[in-house]
$ cat target_31.txt   # compact mmCIF, C-alpha atoms
# COMPACT_ATOMS: atom_id res chain seq x y z
CA MET O 216 87.62 106.07 129.99
CA LEU O 217 89.58 109.18 130.80
CA GLN O 218 92.77 108.74 132.80
CA PRO O 219 94.82 111.53 134.36
CA LEU O 220 97.41 112.93 131.95
CA THR O 221 100.97 111.83 132.53
CA ALA O 222 103.62 114.53 132.72
CA LYS O 223 104.93 113.28 129.38
CA GLU O 224 101.54 113.50 127.72
CA LEU O 225 101.17 117.05 129.00
CA GLU O 226 104.55 117.95 127.47
CA TYR O 227 103.55 116.46 124.12
CA ILE O 228 100.22 118.28 124.11
CA ALA O 229 101.92 121.58 124.95
CA ASP O 230 104.63 121.06 122.31
CA SER O 231 101.93 120.14 119.79
CA MET O 232 100.02 123.35 120.40
CA SER O 233 103.26 125.23 119.91
CA ASN O 234 103.80 123.39 116.61
CA GLU O 235 100.26 124.05 115.41
CA ASP O 236 100.61 127.71 116.32
CA LEU O 237 103.82 127.98 114.29
CA LEU O 238 102.30 126.23 111.27
CA LEU O 239 99.26 128.47 111.47
CA LYS O 240 101.45 131.60 111.32
CA GLN O 241 103.63 130.20 108.53
CA ASN O 242 100.54 129.48 106.46
CA ALA O 243 99.21 132.96 107.13
CA VAL O 244 102.44 134.34 105.65
CA LEU O 245 102.24 131.93 102.71
CA ALA O 246 98.57 132.74 102.08
CA SER O 247 99.26 136.47 102.02
CA SER O 248 102.63 136.66 100.30
CA SER O 249 102.68 133.92 97.69
CA SER O 250 102.27 134.88 94.05
CA ASN O 251 101.00 131.40 93.25
CA PRO O 252 97.18 131.03 93.48
CA ALA O 253 97.29 127.29 94.20
CA LEU O 254 99.74 127.83 97.07
CA ARG O 255 97.68 130.71 98.47
CA GLN O 256 94.51 128.63 98.38
CA THR O 257 96.23 125.64 99.99
CA ALA O 258 97.68 127.81 102.75
CA GLN O 259 94.28 129.36 103.46
CA GLN O 260 92.73 125.94 103.78
CA PHE O 261 95.57 124.79 106.07
CA ILE O 262 95.03 127.71 108.44
CA ALA O 263 91.55 126.39 109.24
CA VAL O 264 92.89 122.88 109.84
CA HIS O 265 95.64 124.06 112.18
CA GLN O 266 93.14 126.18 114.09
CA GLN O 267 91.01 123.08 114.51
CA HIS O 268 94.00 120.99 115.65
CA TYR O 269 94.88 123.65 118.19
CA GLN O 270 91.32 123.71 119.53
CA THR O 271 91.26 119.93 119.81
CA LEU O 272 94.49 119.91 121.82
CA LEU O 273 93.28 122.71 124.07
CA GLN O 274 90.03 120.82 124.68
CA ALA O 275 91.98 117.72 125.66
CA LEU O 276 93.81 119.80 128.26
CA HIS O 277 90.54 121.11 129.66
CA GLN O 278 89.00 117.65 129.77
CA HIS O 279 91.93 116.28 131.74
CA ALA O 280 92.29 119.24 134.08
CA GLY O 281 89.22 118.10 136.03
CA ILE O 282 90.63 114.69 136.93
CA ALA O 283 94.23 115.78 137.54
CA PRO O 284 95.63 115.34 141.06
CA THR O 285 96.53 118.54 142.90
CA GLN O 286 99.27 116.91 144.98
CA PRO O 287 102.33 115.08 143.65
CA GLN O 288 101.63 111.31 143.63
CA ASN O 289 104.20 109.27 145.57
CA MET E 25 95.63 143.20 101.12
CA ASN E 26 97.52 140.73 98.99
CA GLN E 27 100.62 142.69 98.17
CA HIS E 28 102.61 139.52 97.46
CA GLN E 29 105.61 141.02 99.18
CA SER E 30 107.93 138.08 99.34
CA ILE E 31 109.70 137.46 102.58
CA LEU E 32 111.16 134.43 100.92
CA PRO E 33 110.71 133.13 97.37
CA ASP E 34 107.49 131.08 97.07
CA GLU E 35 109.21 127.73 96.85
CA ASP E 36 111.41 128.44 99.88
CA LEU E 37 108.48 129.46 102.02
CA ALA E 38 106.50 126.42 100.89
CA SER E 39 109.55 124.24 101.66
CA VAL E 40 109.72 125.61 105.18
CA VAL E 41 106.05 124.72 105.73
CA LEU E 42 106.55 121.28 104.17
CA SER E 43 109.56 120.57 106.41
CA ASP E 44 107.64 121.59 109.48
CA LEU E 45 104.68 119.41 108.49
CA LYS E 46 107.08 116.47 108.15
CA ARG E 47 108.56 117.20 111.56
CA VAL E 48 105.12 117.52 113.16
CA VAL E 49 104.03 114.19 111.60
CA ARG E 50 107.00 112.54 113.32
CA GLU E 51 106.24 114.25 116.62
CA TYR E 52 102.61 113.13 116.56
CA ALA E 53 103.73 109.57 115.83
CA THR E 54 106.14 109.69 118.78
CA ALA E 55 103.50 111.23 121.03
CA ALA E 56 100.98 108.53 120.08
CA THR E 57 103.45 105.71 120.83
CA GLU E 58 104.34 107.24 124.20
CA SER E 59 100.79 107.90 125.34
CA THR E 60 99.41 106.06 128.33
CA CYS E 61 95.78 107.18 128.22
CA PRO E 62 93.89 105.55 125.32
CA GLU E 63 91.99 108.78 124.69
CA VAL E 64 95.24 110.73 124.35
CA ARG E 65 96.65 108.10 122.03
CA LYS E 66 93.53 108.38 119.88
CA LEU E 67 93.89 112.16 119.85
CA PHE E 68 97.52 112.04 118.66
CA THR E 69 96.71 109.33 116.10
CA SER E 70 93.97 111.43 114.58
CA LEU E 71 96.18 114.54 114.51
CA LEU E 72 98.92 112.41 112.91
CA ASN E 73 96.60 111.32 110.10
CA SER E 74 95.30 114.81 109.53
CA THR E 75 98.82 116.32 109.41
CA LEU E 76 100.04 113.55 107.11
CA GLN E 77 97.22 114.49 104.76
CA LEU E 78 98.24 118.17 104.81
CA GLN E 79 101.85 117.25 104.08
CA GLY E 80 100.79 115.11 101.11
CA GLN E 81 98.53 117.84 99.79
CA LEU E 82 101.23 120.52 100.01
CA PHE E 83 103.76 118.22 98.40
CA THR E 84 101.39 117.64 95.47
CA VAL E 85 100.80 121.37 94.99
CA MET E 86 104.55 122.02 95.06
CA GLN E 87 105.24 119.22 92.62
CA GLN E 88 102.54 120.45 90.23
CA ASN E 89 104.14 123.89 90.34
CA GLN E 90 107.66 122.61 89.71
CA MET E 91 108.80 123.52 93.21
CA TYR E 92 109.98 120.08 94.12
CA ASN E 93 112.62 117.89 92.54
CA THR E 94 111.98 114.28 93.23
CA SER E 95 115.08 112.11 93.24
CA SER E 96 116.01 110.30 90.04
CA PRO E 97 114.35 106.94 89.27
CA ALA E 98 116.00 103.85 90.75
CA LEU E 99 117.71 101.74 88.12
CA ARG E 100 116.29 98.34 87.20
CA GLN E 101 119.50 96.54 88.22
CA GLU E 102 119.46 98.21 91.64
CA ILE E 103 115.87 97.09 92.19
CA ASP E 104 116.77 93.56 91.08
CA LYS E 105 119.74 93.55 93.45
CA GLN E 106 117.60 94.50 96.44
CA GLY E 107 114.83 92.12 95.39
CA LYS E 108 117.20 89.16 95.16
CA GLN E 109 118.92 90.03 98.40
CA TYR E 110 115.68 90.26 100.32
CA ASP E 111 114.31 87.09 98.79
CA GLN E 112 117.38 85.40 100.30
CA THR E 113 116.78 87.14 103.62
CA LEU E 114 113.20 85.89 103.53
CA GLN E 115 114.32 82.31 102.92
CA LYS E 116 116.81 82.41 105.77
CA THR E 117 114.19 83.90 108.05
CA ASN E 118 111.72 81.22 106.99
CA GLN E 119 114.25 78.56 107.98
CA PHE E 120 114.84 80.34 111.28
CA VAL E 121 111.15 80.50 112.02
CA GLN E 122 110.58 76.92 110.87
CA GLN E 123 113.21 75.65 113.31
CA ARG E 124 111.23 77.12 116.17
CA LEU E 125 107.61 76.97 115.13
CA SER E 126 105.52 75.33 112.53
CA ILE E 127 103.54 78.10 110.92
CA PRO E 128 102.66 78.79 107.28
CA GLN E 129 105.63 80.24 105.44
CA GLN E 130 105.81 83.41 103.40
CA GLN E 131 106.95 82.83 99.85
CA PRO E 132 109.65 84.84 98.13
CA VAL E 133 107.70 87.10 95.81
CA TYR E 134 110.20 89.27 94.22
CA TYR E 135 112.67 87.57 92.01
CA THR E 136 113.03 84.09 90.66
CA GLY E 137 116.11 84.66 88.53
CA GLN E 138 114.17 83.12 85.61
CA PRO E 139 111.05 85.08 84.70
CA PRO E 140 108.23 82.81 83.54
CA ALA E 141 107.99 82.51 79.75
CA GLY E 142 106.01 85.29 78.15
CA GLN E 143 106.46 87.58 81.11
CA LEU E 144 109.90 88.88 80.26
CA GLY E 145 110.35 92.48 81.19
CA GLN E 146 107.26 92.63 83.31
CA VAL E 147 107.78 94.30 86.63
CA PRO E 148 107.09 91.69 89.32
CA PHE E 149 105.12 93.79 91.77
CA GLN E 150 102.73 94.95 89.08
CA GLN E 151 101.51 91.38 88.81
CA GLN E 152 98.72 91.70 91.26
CA PRO E 153 97.54 90.03 93.30
CA VAL E 154 100.79 88.42 94.34
CA PRO E 155 100.30 84.66 94.40
CA ASN E 156 101.29 83.36 97.79
CA HIS E 157 101.13 79.68 97.23
CA HIS E 158 103.51 78.95 94.38
CA SER E 159 106.44 76.71 95.10
CA PRO E 160 109.46 78.13 96.89
CA VAL E 161 112.14 79.63 94.74
CA GLN E 162 115.42 77.75 94.54
CA TYR E 163 118.61 79.66 94.17
CA SER E 164 121.42 78.21 92.17
$ encode --input "target_31.txt" --output "structure tokens"
Amino acid sequence: MLQPLTAKELEYIADSMSNEDLLLKQNAVLASSSSNPALRQTAQQFIAVHQQHYQTLLQALHQHAGIAPTQPQN
Amino acid sequence: MNQHQSILPDEDLASVVLSDLKRVVREYATAATESTCPEVRKLFTSLLNSTLQLQGQLFTVMQQNQMYNTSSPALRQEIDKQGKQYDQTLQKTNQFVQQRLSIPQQQPVYYTGQPPAGQLGQVPFQQQPVPNHHSPVQYS
């Protein structure tokens, strides 16, 4: 059952999206600039995974937005 | 499109990505342990596993392409030293636990000081499965 996000959980989700975004960009650079085919292929595959991670985190935010209180609790 | 214009040498760029994957693995582990909502914990746990897999995969590619120097092998005597020391720790802990509870004891598995005949030179933790009901080891 879904519970409202704690402030800490929100921070971790936000930081995680920031991390995934950074990894995605780094892999884009690696995929386009590396002279090593194995590295390029790995980086290309990783881009898709990080995009998926990012989407999953964003979805979690959306799911919890609906049940979040609009006033500070106690 | 692929001009291969290096911003950094290949191995440096790959190292940066590897380091960040390691950092993100730790952050997902921390996030999972500090989650309150079971759904959020599950989310972070699954992202942790997925990221751990990426880190392992990149490490393997780097190693196969000679971009990663693993540290030198541990010496046999150093392994023996740790094995003996932790067998002793285990025995002391067994005594400690036994004084308070009566539960089945773990047996020292690593080092007996005297390898059984015919097994000289064999590495103990390759003898699988580890027998867990042989008699306790006595230290002289």
$ residues_around --input "target_31.txt" --residues "Ser249 in chain O" --least-positions-apart "2" --cutoff "12 Å" --atoms "only C-alpha atoms" --output "list of chain:residue names"
O:Gln241, O:Asn242, O:Ala243, O:Val244, O:Leu245, O:Ala246, O:Ser247, O:Asn251, O:Pro252, O:Ala253, O:Leu254, O:Arg255, O:Gln256, O:Thr257, O:Ala258, O:Gln259, E:Asn26, E:Gln27, E:His28, E:Gln29, E:Ser30, E:Ile31, E:Leu32, E:Pro33, E:Asp34, E:Glu35, E:Asp36, E:Leu37, E:Ala38
$ closest_residue --input "target_31.txt" --among "E:Thr75, E:Gln112, E:Val40, E:Glu51" --to "Gln267 in chain O" --atoms "all atoms listed in the file"
E:Thr75
$ atom_distance --input "target_31.txt" --atom1 "CA of Leu217 in chain O" --atom2 "CA of Ala283 in chain O"
10.5 Å
$ residues_around --input "target_31.txt" --residues "Thr57 in chain E" --least-positions-apart "2" --cutoff "12 Å" --atoms "all atoms listed in the file" --output "PyMOL selection string"
(chain O and resi 223-224+227) or (chain E and resi 50-55+59-62+64-69+72)
$ residues_around --input "target_31.txt" --residues "Leu239 in chain O" --least-positions-apart "4" --cutoff "9 Å" --atoms "only C-alpha atoms" --output "list in words"
Asn234, Glu235, Ala243, Val244, Ala258, Phe261, Ile262, Ala263, Val264, His265 and Gln266 of chain O
$ atom_distance --input "target_31.txt" --atom1 "CA of Val48 in chain E" --atom2 "CA of Ser250 in chain O"
26.0 Å
$ atom_distance --input "target_31.txt" --atom1 "CA of Ile282 in chain O" --atom2 "CA of Gln270 in chain O"
19.6 Å
$ residues_around --input "target_31.txt" --residues "Leu225 in chain O" --least-positions-apart "3" --cutoff "10 Å" --atoms "only C-alpha atoms" --output "number ranges by chain"
O: 219-222, 228-231, 275-276, 279; E: 59, 64
$ residues_around --input "target_31.txt" --residues "Leu45 in chain E" --least-positions-apart "4" --cutoff "8 Å" --atoms "all atoms listed in the file" --output "PyMOL selection string"
(chain O and resi 238) or (chain E and resi 41+49+75-76+78-79)
$ closest_residue --input "target_31.txt" --among "E:Thr117, E:Val133, E:Ser43, E:Ala56" --to "Leu71 in chain E" --atoms "all atoms listed in the file"
E:Ala56
$ closest_residue --input "target_31.txt" --among "O:Met232, O:Gln218, O:Gln278, O:Pro284" --to "chain E" --atoms "all atoms listed in the file"
O:Gln218
$ closest_residue --input "target_31.txt" --among "O:Asp236, O:Met216, O:Thr285, O:Ser248" --to "chain E" --atoms "all atoms listed in the file"
O:Ser248
$ closest_residue --input "target_31.txt" --among "O:Pro287, O:His268, O:Gly281, O:Gln274" --to "chain E" --atoms "all atoms listed in the file"
O:His268
$ closest_residue --input "target_31.txt" --among "E:Ser96, E:Gln88, E:Ser126, E:Gln131" --to "chain O" --atoms "only C-alpha atoms"
E:Gln88
$ build_atoms --input "target_31.txt" --residues "range 92-114 of chain E" --atoms "N, CA and C atoms" --output "PDB file, in the coordinates of the input"
ATOM      1  N   TYR E  92     109.407 121.218  93.396  1.00  0.00           N
ATOM      2  CA  TYR E  92     109.980 120.080  94.120  1.00  0.00           C
ATOM      3  C   TYR E  92     110.643 119.131  93.142  1.00  0.00           C
ATOM      4  N   ASN E  93     111.923 118.859  93.382  1.00  0.00           N
ATOM      5  CA  ASN E  93     112.620 117.890  92.540  1.00  0.00           C
ATOM      6  C   ASN E  93     112.652 116.545  93.219  1.00  0.00           C
ATOM      7  N   THR E  94     111.903 115.618  92.667  1.00  0.00           N
ATOM      8  CA  THR E  94     111.980 114.280  93.230  1.00  0.00           C
ATOM      9  C   THR E  94     113.299 113.649  92.798  1.00  0.00           C
ATOM     10  N   SER E  95     113.805 112.703  93.588  1.00  0.00           N
ATOM     11  CA  SER E  95     115.080 112.110  93.240  1.00  0.00           C
ATOM     12  C   SER E  95     114.919 111.244  91.995  1.00  0.00           C
ATOM     13  N   SER E  96     116.044 111.000  91.326  1.00  0.00           N
ATOM     14  CA  SER E  96     116.010 110.300  90.040  1.00  0.00           C
ATOM     15  C   SER E  96     115.506 108.871  90.216  1.00  0.00           C
ATOM     16  N   PRO E  97     114.919 108.294  89.146  1.00  0.00           N
ATOM     17  CA  PRO E  97     114.350 106.940  89.270  1.00  0.00           C
ATOM     18  C   PRO E  97     115.426 105.909  89.616  1.00  0.00           C
ATOM     19  N   ALA E  98     115.076 104.945  90.428  1.00  0.00           N
ATOM     20  CA  ALA E  98     116.000 103.850  90.750  1.00  0.00           C
ATOM     21  C   ALA E  98     116.198 102.992  89.504  1.00  0.00           C
ATOM     22  N   LEU E  99     117.417 102.559  89.299  1.00  0.00           N
ATOM     23  CA  LEU E  99     117.710 101.740  88.120  1.00  0.00           C
ATOM     24  C   LEU E  99     117.198 100.313  88.310  1.00  0.00           C
ATOM     25  N   ARG E 100     116.806  99.708  87.180  1.00  0.00           N
ATOM     26  CA  ARG E 100     116.290  98.340  87.200  1.00  0.00           C
ATOM     27  C   ARG E 100     117.230  97.374  87.924  1.00  0.00           C
ATOM     28  N   GLN E 101     118.545  97.488  87.609  1.00  0.00           N
ATOM     29  CA  GLN E 101     119.500  96.540  88.220  1.00  0.00           C
ATOM     30  C   GLN E 101     119.603  96.731  89.732  1.00  0.00           C
ATOM     31  N   GLU E 102     119.416  97.977  90.194  1.00  0.00           N
ATOM     32  CA  GLU E 102     119.460  98.210  91.640  1.00  0.00           C
ATOM     33  C   GLU E 102     118.231  97.597  92.322  1.00  0.00           C
ATOM     34  N   ILE E 103     117.092  97.702  91.646  1.00  0.00           N
ATOM     35  CA  ILE E 103     115.870  97.090  92.190  1.00  0.00           C
ATOM     36  C   ILE E 103     116.022  95.571  92.239  1.00  0.00           C
ATOM     37  N   ASP E 104     116.549  95.007  91.134  1.00  0.00           N
ATOM     38  CA  ASP E 104     116.770  93.560  91.080  1.00  0.00           C
ATOM     39  C   ASP E 104     117.703  93.103  92.201  1.00  0.00           C
ATOM     40  N   LYS E 105     118.773  93.902  92.434  1.00  0.00           N
ATOM     41  CA  LYS E 105     119.740  93.550  93.450  1.00  0.00           C
ATOM     42  C   LYS E 105     119.076  93.468  94.828  1.00  0.00           C
ATOM     43  N   GLN E 106     118.289  94.482  95.146  1.00  0.00           N
ATOM     44  CA  GLN E 106     117.600  94.500  96.440  1.00  0.00           C
ATOM     45  C   GLN E 106     116.566  93.377  96.527  1.00  0.00           C
ATOM     46  N   GLY E 107     115.851  93.167  95.409  1.00  0.00           N
ATOM     47  CA  GLY E 107     114.830  92.120  95.390  1.00  0.00           C
ATOM     48  C   GLY E 107     115.426  90.752  95.654  1.00  0.00           C
ATOM     49  N   LYS E 108     116.537  90.460  94.981  1.00  0.00           N
ATOM     50  CA  LYS E 108     117.200  89.160  95.160  1.00  0.00           C
ATOM     51  C   LYS E 108     117.703  89.018  96.582  1.00  0.00           C
ATOM     52  N   GLN E 109     118.339  90.084  97.063  1.00  0.00           N
ATOM     53  CA  GLN E 109     118.920  90.030  98.400  1.00  0.00           C
ATOM     54  C   GLN E 109     117.854  89.770  99.457  1.00  0.00           C
ATOM     55  N   TYR E 110     116.710  90.424  99.294  1.00  0.00           N
ATOM     56  CA  TYR E 110     115.680  90.260 100.320  1.00  0.00           C
ATOM     57  C   TYR E 110     114.855  88.993 100.144  1.00  0.00           C
ATOM     58  N   ASP E 111     114.870  88.425  98.946  1.00  0.00           N
ATOM     59  CA  ASP E 111     114.310  87.090  98.790  1.00  0.00           C
ATOM     60  C   ASP E 111     115.152  86.093  99.581  1.00  0.00           C
ATOM     61  N   GLN E 112     116.487  86.285  99.534  1.00  0.00           N
ATOM     62  CA  GLN E 112     117.380  85.400 100.300  1.00  0.00           C
ATOM     63  C   GLN E 112     117.171  85.589 101.792  1.00  0.00           C
ATOM     64  N   THR E 113     117.049  86.851 102.208  1.00  0.00           N
ATOM     65  CA  THR E 113     116.780  87.140 103.620  1.00  0.00           C
ATOM     66  C   THR E 113     115.503  86.443 104.062  1.00  0.00           C
ATOM     67  N   LEU E 114     114.480  86.507 103.206  1.00  0.00           N
ATOM     68  CA  LEU E 114     113.200  85.890 103.530  1.00  0.00           C
ATOM     69  C   LEU E 114     113.346  84.389 103.706  1.00  0.00           C
TER      70      LEU E 114
END
